[in-house]
>>> print(open('input11.tsv').read())   # TSV, C-alpha atoms
chain	number	residue	atom	x	y	z
F	1	MET	CA	85.11	110.32	68.01
F	2	ASP	CA	83.12	107.61	69.72
F	3	LEU	CA	80.25	108.16	72.12
F	4	THR	CA	81.88	106.95	75.35
F	5	GLU	CA	82.18	110.37	76.97
F	6	ARG	CA	78.72	111.38	75.85
F	7	TYR	CA	77.26	108.21	77.35
F	8	HIS	CA	78.98	108.74	80.69
F	9	ALA	CA	77.45	112.23	80.82
F	10	TYR	CA	73.99	110.72	80.14
F	11	ILE	CA	74.41	108.20	82.99
F	12	ALA	CA	75.63	110.98	85.31
F	13	CYS	CA	72.44	112.89	84.45
F	14	LEU	CA	70.32	109.84	85.35
F	15	ASN	CA	72.15	109.33	88.64
F	16	ALA	CA	71.82	113.03	89.52
F	17	ARG	CA	68.10	112.61	88.68
F	18	GLU	CA	68.26	115.81	86.66
F	19	ILE	CA	65.27	114.89	84.56
F	20	ASP	CA	64.92	118.47	83.34
F	21	ARG	CA	68.27	118.08	81.54
F	22	LEU	CA	67.32	114.80	79.87
F	23	GLY	CA	66.57	116.64	76.63
F	24	ASP	CA	70.32	117.24	76.30
F	25	PHE	CA	70.74	113.49	75.78
F	26	VAL	CA	67.45	112.12	74.44
F	27	ARG	CA	65.69	113.10	71.23
F	28	HIS	CA	62.11	114.38	71.37
F	29	ASP	CA	61.01	111.40	69.21
F	30	ALA	CA	63.00	108.66	71.01
F	31	VAL	CA	61.98	105.03	70.52
F	32	HIS	CA	62.37	102.57	73.44
F	33	ASN	CA	62.03	98.85	72.72
F	34	GLY	CA	60.02	99.53	69.60
F	35	ARG	CA	57.65	102.09	71.13
F	36	GLN	CA	57.98	105.77	70.27
F	37	ILE	CA	57.76	107.17	73.78
F	38	GLY	CA	59.53	110.44	72.99
F	39	LEU	CA	61.41	112.59	75.48
F	40	THR	CA	58.30	113.03	77.63
F	41	GLY	CA	57.69	109.29	77.81
F	42	TYR	CA	61.35	108.73	78.59
F	43	GLN	CA	61.13	111.19	81.49
F	44	GLU	CA	57.95	109.49	82.75
F	45	MET	CA	59.64	106.09	82.53
F	46	LEU	CA	62.60	107.32	84.61
F	47	ASN	CA	60.37	109.06	87.15
F	48	GLY	CA	58.52	105.74	87.51
F	49	ASN	CA	61.83	103.96	88.07
F	50	TYR	CA	62.94	106.49	90.71
F	51	ARG	CA	59.57	106.10	92.45
F	52	ASP	CA	59.62	102.28	92.35
F	53	ILE	CA	63.32	102.06	93.34
F	54	PRO	CA	64.15	104.90	95.74
F	55	ASP	CA	67.85	103.96	95.91
F	56	LEU	CA	68.27	103.45	92.15
F	57	VAL	CA	71.81	104.00	90.83
F	58	PHE	CA	73.06	103.14	87.33
F	59	ASN	CA	76.51	101.47	87.40
F	60	ILE	CA	78.23	100.85	84.08
F	61	ASP	CA	79.83	97.39	84.17
F	62	LEU	CA	80.73	97.09	80.47
F	63	LEU	CA	80.74	99.70	77.73
F	64	VAL	CA	81.46	99.50	74.02
F	65	ALA	CA	80.88	102.47	71.75
F	66	ASP	CA	81.44	103.57	68.19
F	67	VAL	CA	80.36	106.75	66.41
F	68	GLU	CA	76.64	105.98	66.44
F	69	LEU	CA	76.02	102.98	68.73
F	70	VAL	CA	76.59	102.44	72.44
F	71	ALA	CA	76.27	99.05	74.14
F	72	SER	CA	76.25	99.03	77.92
F	73	ARG	CA	75.83	96.45	80.65
F	74	ILE	CA	74.40	98.26	83.64
F	75	ARG	CA	74.44	96.81	87.14
F	76	PHE	CA	71.76	97.64	89.68
F	77	ASP	CA	72.20	96.92	93.39
F	78	CYS	CA	69.07	98.26	95.03
F	79	ARG	CA	65.93	97.73	97.04
F	80	PRO	CA	62.76	98.15	94.97
F	81	ALA	CA	60.04	99.31	97.35
F	82	ALA	CA	57.21	97.06	96.16
F	83	THR	CA	57.06	95.16	92.87
F	84	PHE	CA	59.47	95.38	89.95
F	85	LEU	CA	58.98	93.55	86.63
F	86	ASP	CA	55.88	92.07	88.30
F	87	LEU	CA	58.09	90.48	90.97
F	88	PRO	CA	57.22	91.02	94.65
F	89	ILE	CA	60.40	92.53	96.12
F	90	HIS	CA	59.14	94.76	98.94
F	91	GLY	CA	62.40	96.39	99.94
F	92	ARG	CA	64.67	93.36	99.67
F	93	ARG	CA	68.10	93.97	98.19
F	94	VAL	CA	68.50	92.59	94.68
F	95	ILE	CA	71.34	92.76	92.18
F	96	PHE	CA	70.48	92.60	88.50
F	97	HIS	CA	71.71	93.75	85.10
F	98	GLU	CA	70.46	95.45	81.98
F	99	ASN	CA	72.11	94.77	78.62
F	100	VAL	CA	71.18	97.75	76.47
F	101	PHE	CA	72.00	99.25	73.07
F	102	TYR	CA	71.50	102.90	72.10
F	103	HIS	CA	71.49	104.46	68.65
F	104	PHE	CA	72.57	108.09	68.80
F	105	GLN	CA	71.71	110.73	66.21
F	106	ASP	CA	73.38	114.16	66.43
F	107	GLY	CA	74.66	113.29	69.90
F	108	LYS	CA	71.27	112.30	71.30
F	109	ILE	CA	69.63	108.95	71.97
F	110	ALA	CA	67.21	108.14	69.16
F	111	GLN	CA	66.54	104.46	69.82
F	112	VAL	CA	67.02	102.07	72.74
F	113	TRP	CA	66.97	98.25	72.81
F	114	SER	CA	66.99	97.16	76.44
F	115	VAL	CA	66.80	93.70	78.00
F	116	ILE	CA	66.62	92.79	81.70
F	117	ASP	CA	66.38	89.14	82.67
F	118	PRO	CA	63.74	88.81	85.40
F	119	GLU	CA	65.07	85.32	86.18
F	120	GLU	CA	68.20	86.85	87.67
F	121	ILE	CA	66.00	88.72	90.16
F	122	ARG	CA	63.66	85.78	90.78
F	123	ARG	CA	66.58	83.61	91.89
F	124	GLN	CA	67.28	86.10	94.69
F	125	LEU	CA	63.74	86.16	96.15
K	1	MET	CA	92.02	96.22	65.05
K	2	ASP	CA	88.61	95.60	66.54
K	3	LEU	CA	86.91	92.23	66.83
K	4	THR	CA	84.11	92.74	64.28
K	5	GLU	CA	85.49	90.36	61.67
K	6	ARG	CA	86.41	87.76	64.28
K	7	TYR	CA	82.89	87.88	65.72
K	8	HIS	CA	81.28	87.43	62.29
K	9	ALA	CA	83.43	84.32	61.81
K	10	TYR	CA	82.25	82.98	65.20
K	11	ILE	CA	78.58	83.51	64.27
K	12	ALA	CA	79.18	81.85	60.87
K	13	CYS	CA	80.60	78.85	62.76
K	14	LEU	CA	77.46	78.69	64.94
K	15	ASN	CA	75.17	78.91	61.92
K	16	ALA	CA	77.13	76.23	60.08
K	17	ARG	CA	76.81	74.16	63.28
K	18	GLU	CA	80.50	73.31	63.05
K	19	ILE	CA	80.76	72.56	66.74
K	20	ASP	CA	84.09	70.83	66.21
K	21	ARG	CA	85.58	74.19	65.17
K	22	LEU	CA	84.23	76.05	68.21
K	23	GLY	CA	87.64	75.83	69.90
K	24	ASP	CA	88.90	78.29	67.27
K	25	PHE	CA	86.67	80.92	68.87
K	26	VAL	CA	86.06	79.90	72.49
K	27	ARG	CA	88.66	79.43	75.22
K	28	HIS	CA	88.88	76.11	77.05
K	29	ASP	CA	88.05	77.89	80.33
K	30	ALA	CA	85.21	80.10	79.03
K	31	VAL	CA	82.77	81.62	81.54
K	32	HIS	CA	79.10	82.06	80.56
K	33	ASN	CA	76.88	84.22	82.78
K	34	GLY	CA	79.17	83.72	85.73
K	35	ARG	CA	79.56	79.93	85.36
K	36	GLN	CA	82.81	78.46	84.10
K	37	ILE	CA	81.39	76.05	81.54
K	38	GLY	CA	84.55	75.79	79.46
K	39	LEU	CA	84.69	74.89	75.80
K	40	THR	CA	83.02	71.54	76.43
K	41	GLY	CA	80.14	73.13	78.32
K	42	TYR	CA	79.82	75.74	75.57
K	43	GLN	CA	79.55	72.98	72.96
K	44	GLU	CA	76.97	71.16	75.08
K	45	MET	CA	74.96	74.37	75.46
K	46	LEU	CA	74.92	74.90	71.71
K	47	ASN	CA	74.06	71.28	70.96
K	48	GLY	CA	71.15	71.67	73.39
K	49	ASN	CA	70.04	74.80	71.55
K	50	TYR	CA	70.22	73.06	68.14
K	51	ARG	CA	68.20	70.15	69.54
K	52	ASP	CA	65.56	72.39	71.17
K	53	ILE	CA	65.33	74.72	68.16
K	54	PRO	CA	65.87	72.72	64.96
K	55	ASP	CA	65.68	75.82	62.72
K	56	LEU	CA	67.95	77.96	64.91
K	57	VAL	CA	69.81	80.74	63.08
K	58	PHE	CA	71.79	83.57	64.69
K	59	ASN	CA	71.13	86.94	63.00
K	60	ILE	CA	73.22	89.92	64.08
K	61	ASP	CA	70.95	92.96	64.39
K	62	LEU	CA	73.41	95.31	66.12
K	63	LEU	CA	77.13	94.99	66.67
K	64	VAL	CA	79.66	97.17	68.50
K	65	ALA	CA	83.21	96.04	69.02
K	66	ASP	CA	86.52	97.30	70.29
K	67	VAL	CA	89.82	95.49	70.77
K	68	GLU	CA	88.63	93.25	73.62
K	69	LEU	CA	84.83	93.55	73.92
K	70	VAL	CA	82.01	92.71	71.52
K	71	ALA	CA	78.40	93.67	72.14
K	72	SER	CA	75.81	92.10	69.89
K	73	ARG	CA	72.04	92.12	69.62
K	74	ILE	CA	71.06	88.83	68.03
K	75	ARG	CA	67.64	88.22	66.50
K	76	PHE	CA	66.05	84.77	66.46
K	77	ASP	CA	63.09	83.94	64.22
K	78	CYS	CA	62.41	80.28	64.83
K	79	ARG	CA	60.14	77.49	65.97
K	80	PRO	CA	61.33	75.85	69.20
K	81	ALA	CA	60.07	72.26	69.13
K	82	ALA	CA	58.83	71.99	72.72
K	83	THR	CA	59.69	74.34	75.58
K	84	PHE	CA	62.23	77.16	75.60
K	85	LEU	CA	63.12	79.21	78.71
K	86	ASP	CA	60.41	77.15	80.42
K	87	LEU	CA	57.83	78.50	77.98
K	88	PRO	CA	55.55	76.06	76.13
K	89	ILE	CA	56.16	76.87	72.46
K	90	HIS	CA	55.61	73.54	70.69
K	91	GLY	CA	56.62	74.52	67.19
K	92	ARG	CA	55.02	77.95	67.08
K	93	ARG	CA	57.03	80.67	65.36
K	94	VAL	CA	58.51	83.20	67.78
K	95	ILE	CA	60.80	86.17	67.29
K	96	PHE	CA	63.07	87.18	70.14
K	97	HIS	CA	66.39	88.84	70.88
K	98	GLU	CA	69.54	88.28	72.89
K	99	ASN	CA	71.60	91.25	74.07
K	100	VAL	CA	75.03	89.81	74.74
K	101	PHE	CA	78.56	90.96	75.61
K	102	TYR	CA	81.74	88.96	75.01
K	103	HIS	CA	85.20	89.51	76.44
K	104	PHE	CA	87.88	88.18	74.09
K	105	GLN	CA	91.39	87.15	75.12
K	106	ASP	CA	93.92	86.33	72.43
K	107	GLY	CA	91.17	86.28	69.82
K	108	LYS	CA	88.95	83.83	71.71
K	109	ILE	CA	85.83	84.27	73.83
K	110	ALA	CA	86.78	84.17	77.51
K	111	GLN	CA	83.59	85.48	79.10
K	112	VAL	CA	79.97	85.98	78.02
K	113	TRP	CA	77.21	88.04	79.61
K	114	SER	CA	73.95	87.16	77.86
K	115	VAL	CA	70.39	88.32	78.50
K	116	ILE	CA	67.19	87.17	76.78
K	117	ASP	CA	63.89	88.64	77.87
K	118	PRO	CA	61.35	85.80	78.18
K	119	GLU	CA	58.55	88.38	78.27
K	120	GLU	CA	59.14	89.14	74.60
K	121	ILE	CA	58.40	85.48	73.82
K	122	ARG	CA	55.52	85.21	76.27
K	123	ARG	CA	53.68	88.04	74.53
K	124	GLN	CA	53.67	85.98	71.31
K	125	LEU	CA	52.14	82.84	72.81
>>> encode(input="input11.tsv", output="C-alpha cells")
Amino acid sequence: MDLTERYHAYIACLNAREIDRLGDFVRHDAVHNGRQIGLTGYQEMLNGNYRDIPDLVFNIDLLVADVELVASRIRFDCRPAATFLDLPIHGRRVIFHENVFYHFQDGKIAQVWSVIDPEEIRRQL
Amino acid sequence: MDLTERYHAYIACLNAREIDRLGDFVRHDAVHNGRQIGLTGYQEMLNGNYRDIPDLVFNIDLLVADVELVASRIRFDCRPAATFLDLPIHGRRVIFHENVFYHFQDGKIAQVWSVIDPEEIRRQL
C-alpha cells in the first residue's frame, strides 16, 4: 500500500494547525534538508511558518507516492506578514510552490528534501 | 506499468548528450515551468546547460513514479564555467539539487515543474 492516504492525513494535520498531533506523522529524529531537527524542531519550524504567514494553507498540486517515498508539489497562495525567504513581502499576496520529497519509516516522516524557488516570489514583488 | 524505466532512459539520453534523440522522450509541445517551449526550446535549454556547465551530469538521487507522473530529485556535482542562476561561479565546484515533476503523455514528457534552490549554491561560494 502506498503512502498517498497517509500523506493527505499529514497535510490535513498541518492545515488544521494541530501541532500537538504532529508526532503521529513525524519521527522524533526527523531530518529536514540535511539537518536533524527532530519532531520538536519540526514543530518549531511550522509554528514559525504559521506566525510569518497567518493565512498559510498547504494545497497539494501534484502527488506521487510509493511504499516509502512521497513526492509532492505544494502550492501556497498567501500573504506573508513581513519577510519570507529574506524577501520583503509585507502582506502582499504571493503564489509560490514547494517541490518536496519525504522518506517515511513505519508510517512516519523520517527525512525531508524540500526546495522553494525564491525567484518565483521575487517576480511577483 | 509505471514510468521508472522510461525516465531512466530519458536521463541516460541527457547524460549521453544525444540531443537529436530527445524527441523520443519529449513532446513537440512540451511545457516547462508554465512556458510552452516545445521540443525545440527544450533542446535549446539543454544545449545552454551543456555550454554553461561543461561537466554536467544528471544523477538521480530520489525517484517516485506512477503511470503518468514522475518525481525526481537530481543531484549535480559540477563546475559551471561562468555564471549559473545569476551566481558568479567561474569554474568552482558546486553541489546542488533539482526537485522536479514530469507529466508524461503517451510515454513522452508533456509538462515539467522544476525547482532549484539558488541558496544551496550561494552557501558554497
>>> atom_distance(input="input11.tsv", atom1="CA of Ile60 (chain F)", atom2="CA of Leu14 (chain K)")
29.3 Å
>>> interface_residues(input="input11.tsv", of="chain K", to="chain F", cutoff="12 Å", atoms="all atoms listed in the file", output="JSON, numbers by chain")
{"K": [2, 3, 4, 33, 34, 61, 62, 63, 64, 65, 66, 67, 68, 69, 70, 71, 72, 73, 74, 75, 85, 86, 96, 97, 98, 99, 100, 101, 102, 103, 112, 113, 114, 115, 116, 117, 118, 119, 120]}
>>> residues_around(input="input11.tsv", residues="Asn15 (chain F)", least_positions_apart="4", cutoff="9 Å", atoms="only C-alpha atoms", output="PyMOL selection string")
chain F and resi 10-11+56-58
>>> calpha_fit_and_write(input="input11.tsv", fixed="chain K", moving="chain F", output="PDB file with C-alpha atoms, in the coordinates of the input")
ATOM      1  CA  MET F   1      92.051  96.202  65.089  1.00  0.00           C
ATOM      2  CA  ASP F   2      88.627  95.594  66.550  1.00  0.00           C
ATOM      3  CA  LEU F   3      86.913  92.235  66.832  1.00  0.00           C
ATOM      4  CA  THR F   4      84.116  92.732  64.286  1.00  0.00           C
ATOM      5  CA  GLU F   5      85.499  90.346  61.678  1.00  0.00           C
ATOM      6  CA  ARG F   6      86.416  87.775  64.285  1.00  0.00           C
ATOM      7  CA  TYR F   7      82.894  87.891  65.703  1.00  0.00           C
ATOM      8  CA  HIS F   8      81.277  87.428  62.302  1.00  0.00           C
ATOM      9  CA  ALA F   9      83.426  84.317  61.807  1.00  0.00           C
ATOM     10  CA  TYR F  10      82.246  82.981  65.203  1.00  0.00           C
ATOM     11  CA  ILE F  11      78.575  83.511  64.258  1.00  0.00           C
ATOM     12  CA  ALA F  12      79.176  81.849  60.870  1.00  0.00           C
ATOM     13  CA  CYS F  13      80.601  78.856  62.760  1.00  0.00           C
ATOM     14  CA  LEU F  14      77.465  78.684  64.938  1.00  0.00           C
ATOM     15  CA  ASN F  15      75.159  78.905  61.928  1.00  0.00           C
ATOM     16  CA  ALA F  16      77.143  76.220  60.076  1.00  0.00           C
ATOM     17  CA  ARG F  17      76.807  74.152  63.290  1.00  0.00           C
ATOM     18  CA  GLU F  18      80.492  73.308  63.058  1.00  0.00           C
ATOM     19  CA  ILE F  19      80.777  72.568  66.741  1.00  0.00           C
ATOM     20  CA  ASP F  20      84.104  70.812  66.216  1.00  0.00           C
ATOM     21  CA  ARG F  21      85.602  74.173  65.179  1.00  0.00           C
ATOM     22  CA  LEU F  22      84.246  76.038  68.202  1.00  0.00           C
ATOM     23  CA  GLY F  23      87.644  75.818  69.891  1.00  0.00           C
ATOM     24  CA  ASP F  24      88.911  78.295  67.285  1.00  0.00           C
ATOM     25  CA  PHE F  25      86.660  80.922  68.879  1.00  0.00           C
ATOM     26  CA  VAL F  26      86.058  79.903  72.498  1.00  0.00           C
ATOM     27  CA  ARG F  27      88.656  79.435  75.217  1.00  0.00           C
ATOM     28  CA  HIS F  28      88.887  76.101  77.035  1.00  0.00           C
ATOM     29  CA  ASP F  29      88.054  77.894  80.329  1.00  0.00           C
ATOM     30  CA  ALA F  30      85.199  80.105  79.037  1.00  0.00           C
ATOM     31  CA  VAL F  31      82.778  81.624  81.544  1.00  0.00           C
ATOM     32  CA  HIS F  32      79.097  82.069  80.552  1.00  0.00           C
ATOM     33  CA  ASN F  33      76.879  84.220  82.772  1.00  0.00           C
ATOM     34  CA  GLY F  34      79.162  83.704  85.732  1.00  0.00           C
ATOM     35  CA  ARG F  35      79.556  79.934  85.356  1.00  0.00           C
ATOM     36  CA  GLN F  36      82.820  78.457  84.109  1.00  0.00           C
ATOM     37  CA  ILE F  37      81.390  76.049  81.564  1.00  0.00           C
ATOM     38  CA  GLY F  38      84.550  75.801  79.466  1.00  0.00           C
ATOM     39  CA  LEU F  39      84.694  74.894  75.790  1.00  0.00           C
ATOM     40  CA  THR F  40      83.033  71.531  76.431  1.00  0.00           C
ATOM     41  CA  GLY F  41      80.143  73.125  78.302  1.00  0.00           C
ATOM     42  CA  TYR F  42      79.812  75.727  75.575  1.00  0.00           C
ATOM     43  CA  GLN F  43      79.553  72.976  72.953  1.00  0.00           C
ATOM     44  CA  GLU F  44      76.961  71.137  75.072  1.00  0.00           C
ATOM     45  CA  MET F  45      74.963  74.349  75.475  1.00  0.00           C
ATOM     46  CA  LEU F  46      74.908  74.901  71.694  1.00  0.00           C
ATOM     47  CA  ASN F  47      74.051  71.271  70.959  1.00  0.00           C
ATOM     48  CA  GLY F  48      71.135  71.669  73.390  1.00  0.00           C
ATOM     49  CA  ASN F  49      70.027  74.799  71.544  1.00  0.00           C
ATOM     50  CA  TYR F  50      70.213  73.067  68.143  1.00  0.00           C
ATOM     51  CA  ARG F  51      68.197  70.155  69.555  1.00  0.00           C
ATOM     52  CA  ASP F  52      65.549  72.382  71.178  1.00  0.00           C
ATOM     53  CA  ILE F  53      65.324  74.734  68.156  1.00  0.00           C
ATOM     54  CA  PRO F  54      65.849  72.727  64.960  1.00  0.00           C
ATOM     55  CA  ASP F  55      65.669  75.826  62.731  1.00  0.00           C
ATOM     56  CA  LEU F  56      67.938  77.981  64.919  1.00  0.00           C
ATOM     57  CA  VAL F  57      69.810  80.748  63.071  1.00  0.00           C
ATOM     58  CA  PHE F  58      71.787  83.584  64.684  1.00  0.00           C
ATOM     59  CA  ASN F  59      71.114  86.957  62.990  1.00  0.00           C
ATOM     60  CA  ILE F  60      73.217  89.918  64.074  1.00  0.00           C
ATOM     61  CA  ASP F  61      70.950  92.970  64.377  1.00  0.00           C
ATOM     62  CA  LEU F  62      73.406  95.324  66.114  1.00  0.00           C
ATOM     63  CA  LEU F  63      77.137  95.005  66.663  1.00  0.00           C
ATOM     64  CA  VAL F  64      79.641  97.179  68.487  1.00  0.00           C
ATOM     65  CA  ALA F  65      83.211  96.041  69.004  1.00  0.00           C
ATOM     66  CA  ASP F  66      86.514  97.306  70.303  1.00  0.00           C
ATOM     67  CA  VAL F  67      89.818  95.488  70.779  1.00  0.00           C
ATOM     68  CA  GLU F  68      88.639  93.254  73.616  1.00  0.00           C
ATOM     69  CA  LEU F  69      84.837  93.545  73.916  1.00  0.00           C
ATOM     70  CA  VAL F  70      82.016  92.708  71.524  1.00  0.00           C
ATOM     71  CA  ALA F  71      78.388  93.678  72.137  1.00  0.00           C
ATOM     72  CA  SER F  72      75.794  92.099  69.887  1.00  0.00           C
ATOM     73  CA  ARG F  73      72.024  92.112  69.610  1.00  0.00           C
ATOM     74  CA  ILE F  74      71.042  88.826  68.030  1.00  0.00           C
ATOM     75  CA  ARG F  75      67.629  88.211  66.505  1.00  0.00           C
ATOM     76  CA  PHE F  76      66.050  84.771  66.456  1.00  0.00           C
ATOM     77  CA  ASP F  77      63.080  83.943  64.227  1.00  0.00           C
ATOM     78  CA  CYS F  78      62.405  80.271  64.813  1.00  0.00           C
ATOM     79  CA  ARG F  79      60.142  77.490  65.964  1.00  0.00           C
ATOM     80  CA  PRO F  80      61.333  75.855  69.192  1.00  0.00           C
ATOM     81  CA  ALA F  81      60.092  72.268  69.129  1.00  0.00           C
ATOM     82  CA  ALA F  82      58.835  72.011  72.712  1.00  0.00           C
ATOM     83  CA  THR F  83      59.698  74.345  75.586  1.00  0.00           C
ATOM     84  CA  PHE F  84      62.240  77.159  75.609  1.00  0.00           C
ATOM     85  CA  LEU F  85      63.118  79.224  78.703  1.00  0.00           C
ATOM     86  CA  ASP F  86      60.417  77.148  80.429  1.00  0.00           C
ATOM     87  CA  LEU F  87      57.825  78.506  77.984  1.00  0.00           C
ATOM     88  CA  PRO F  88      55.559  76.047  76.139  1.00  0.00           C
ATOM     89  CA  ILE F  89      56.155  76.853  72.458  1.00  0.00           C
ATOM     90  CA  HIS F  90      55.616  73.523  70.688  1.00  0.00           C
ATOM     91  CA  GLY F  91      56.631  74.515  67.185  1.00  0.00           C
ATOM     92  CA  ARG F  92      55.026  77.953  67.069  1.00  0.00           C
ATOM     93  CA  ARG F  93      57.032  80.675  65.368  1.00  0.00           C
ATOM     94  CA  VAL F  94      58.507  83.201  67.782  1.00  0.00           C
ATOM     95  CA  ILE F  95      60.797  86.175  67.280  1.00  0.00           C
ATOM     96  CA  PHE F  96      63.051  87.186  70.145  1.00  0.00           C
ATOM     97  CA  HIS F  97      66.390  88.835  70.870  1.00  0.00           C
ATOM     98  CA  GLU F  98      69.524  88.288  72.886  1.00  0.00           C
ATOM     99  CA  ASN F  99      71.600  91.249  74.067  1.00  0.00           C
ATOM    100  CA  VAL F 100      75.038  89.805  74.746  1.00  0.00           C
ATOM    101  CA  PHE F 101      78.560  90.965  75.605  1.00  0.00           C
ATOM    102  CA  TYR F 102      81.742  88.958  75.002  1.00  0.00           C
ATOM    103  CA  HIS F 103      85.204  89.512  76.430  1.00  0.00           C
ATOM    104  CA  PHE F 104      87.868  88.178  74.087  1.00  0.00           C
ATOM    105  CA  GLN F 105      91.375  87.159  75.126  1.00  0.00           C
ATOM    106  CA  ASP F 106      93.944  86.329  72.422  1.00  0.00           C
ATOM    107  CA  GLY F 107      91.168  86.284  69.828  1.00  0.00           C
ATOM    108  CA  LYS F 108      88.953  83.838  71.709  1.00  0.00           C
ATOM    109  CA  ILE F 109      85.838  84.273  73.824  1.00  0.00           C
ATOM    110  CA  ALA F 110      86.779  84.174  77.500  1.00  0.00           C
ATOM    111  CA  GLN F 111      83.596  85.491  79.098  1.00  0.00           C
ATOM    112  CA  VAL F 112      79.980  85.961  78.015  1.00  0.00           C
ATOM    113  CA  TRP F 113      77.200  88.046  79.604  1.00  0.00           C
ATOM    114  CA  SER F 114      73.951  87.160  77.864  1.00  0.00           C
ATOM    115  CA  VAL F 115      70.390  88.320  78.503  1.00  0.00           C
ATOM    116  CA  ILE F 116      67.189  87.161  76.782  1.00  0.00           C
ATOM    117  CA  ASP F 117      63.886  88.639  77.888  1.00  0.00           C
ATOM    118  CA  PRO F 118      61.357  85.802  78.183  1.00  0.00           C
ATOM    119  CA  GLU F 119      58.554  88.390  78.268  1.00  0.00           C
ATOM    120  CA  GLU F 120      59.143  89.141  74.601  1.00  0.00           C
ATOM    121  CA  ILE F 121      58.418  85.480  73.820  1.00  0.00           C
ATOM    122  CA  ARG F 122      55.516  85.206  76.270  1.00  0.00           C
ATOM    123  CA  ARG F 123      53.690  88.048  74.522  1.00  0.00           C
ATOM    124  CA  GLN F 124      53.672  85.979  71.321  1.00  0.00           C
ATOM    125  CA  LEU F 125      52.139  82.809  72.829  1.00  0.00           C
TER     126      LEU F 125
END
>>> residues_around(input="input11.tsv", residues="Cys13 (chain F)", least_positions_apart="6", cutoff="12 Å", atoms="all atoms listed in the file", output="JSON list (two decimals) with C-alpha atoms, keeping the file's coordinate frame")
[["chain", "number", "residue", "atom", "x", "y", "z"],
["F", 6, "ARG", "CA", 78.72, 111.38, 75.85],
["F", 7, "TYR", "CA", 77.26, 108.21, 77.35],
["F", 19, "ILE", "CA", 65.27, 114.89, 84.56],
["F", 20, "ASP", "CA", 64.92, 118.47, 83.34],
["F", 21, "ARG", "CA", 68.27, 118.08, 81.54],
["F", 22, "LEU", "CA", 67.32, 114.80, 79.87],
["F", 23, "GLY", "CA", 66.57, 116.64, 76.63],
["F", 24, "ASP", "CA", 70.32, 117.24, 76.30],
["F", 25, "PHE", "CA", 70.74, 113.49, 75.78],
["F", 26, "VAL", "CA", 67.45, 112.12, 74.44],
["F", 43, "GLN", "CA", 61.13, 111.19, 81.49],
["F", 46, "LEU", "CA", 62.60, 107.32, 84.61],
["F", 57, "VAL", "CA", 71.81, 104.00, 90.83],
["F", 58, "PHE", "CA", 73.06, 103.14, 87.33]]
>>> residues_around(input="input11.tsv", residues="Gly91 (chain K)", least_positions_apart="5", cutoff="9 Å", atoms="only C-alpha atoms", output="list in words")
Ile53, Cys78, Arg79, Pro80, Ala81, Ala82 and Thr83 of chain K
>>> atom_distance(input="input11.tsv", atom1="CA of Leu39 (chain F)", atom2="CA of Arg27 (chain F)")
6.1 Å
>>> atom_distance(input="input11.tsv", atom1="CA of Phe84 (chain K)", atom2="CA of Asp52 (chain K)")
7.3 Å
>>> closest_residue(input="input11.tsv", among="F:Pro54, F:Glu5, F:Asn47, F:Tyr42", to="His90 (chain F)", atoms="only C-alpha atoms")
F:Pro54
>>> closest_residue(input="input11.tsv", among="K:Ala12, K:Glu18, K:Asp77, K:Val31", to="Phe104 (chain K)", atoms="all atoms listed in the file")
K:Val31
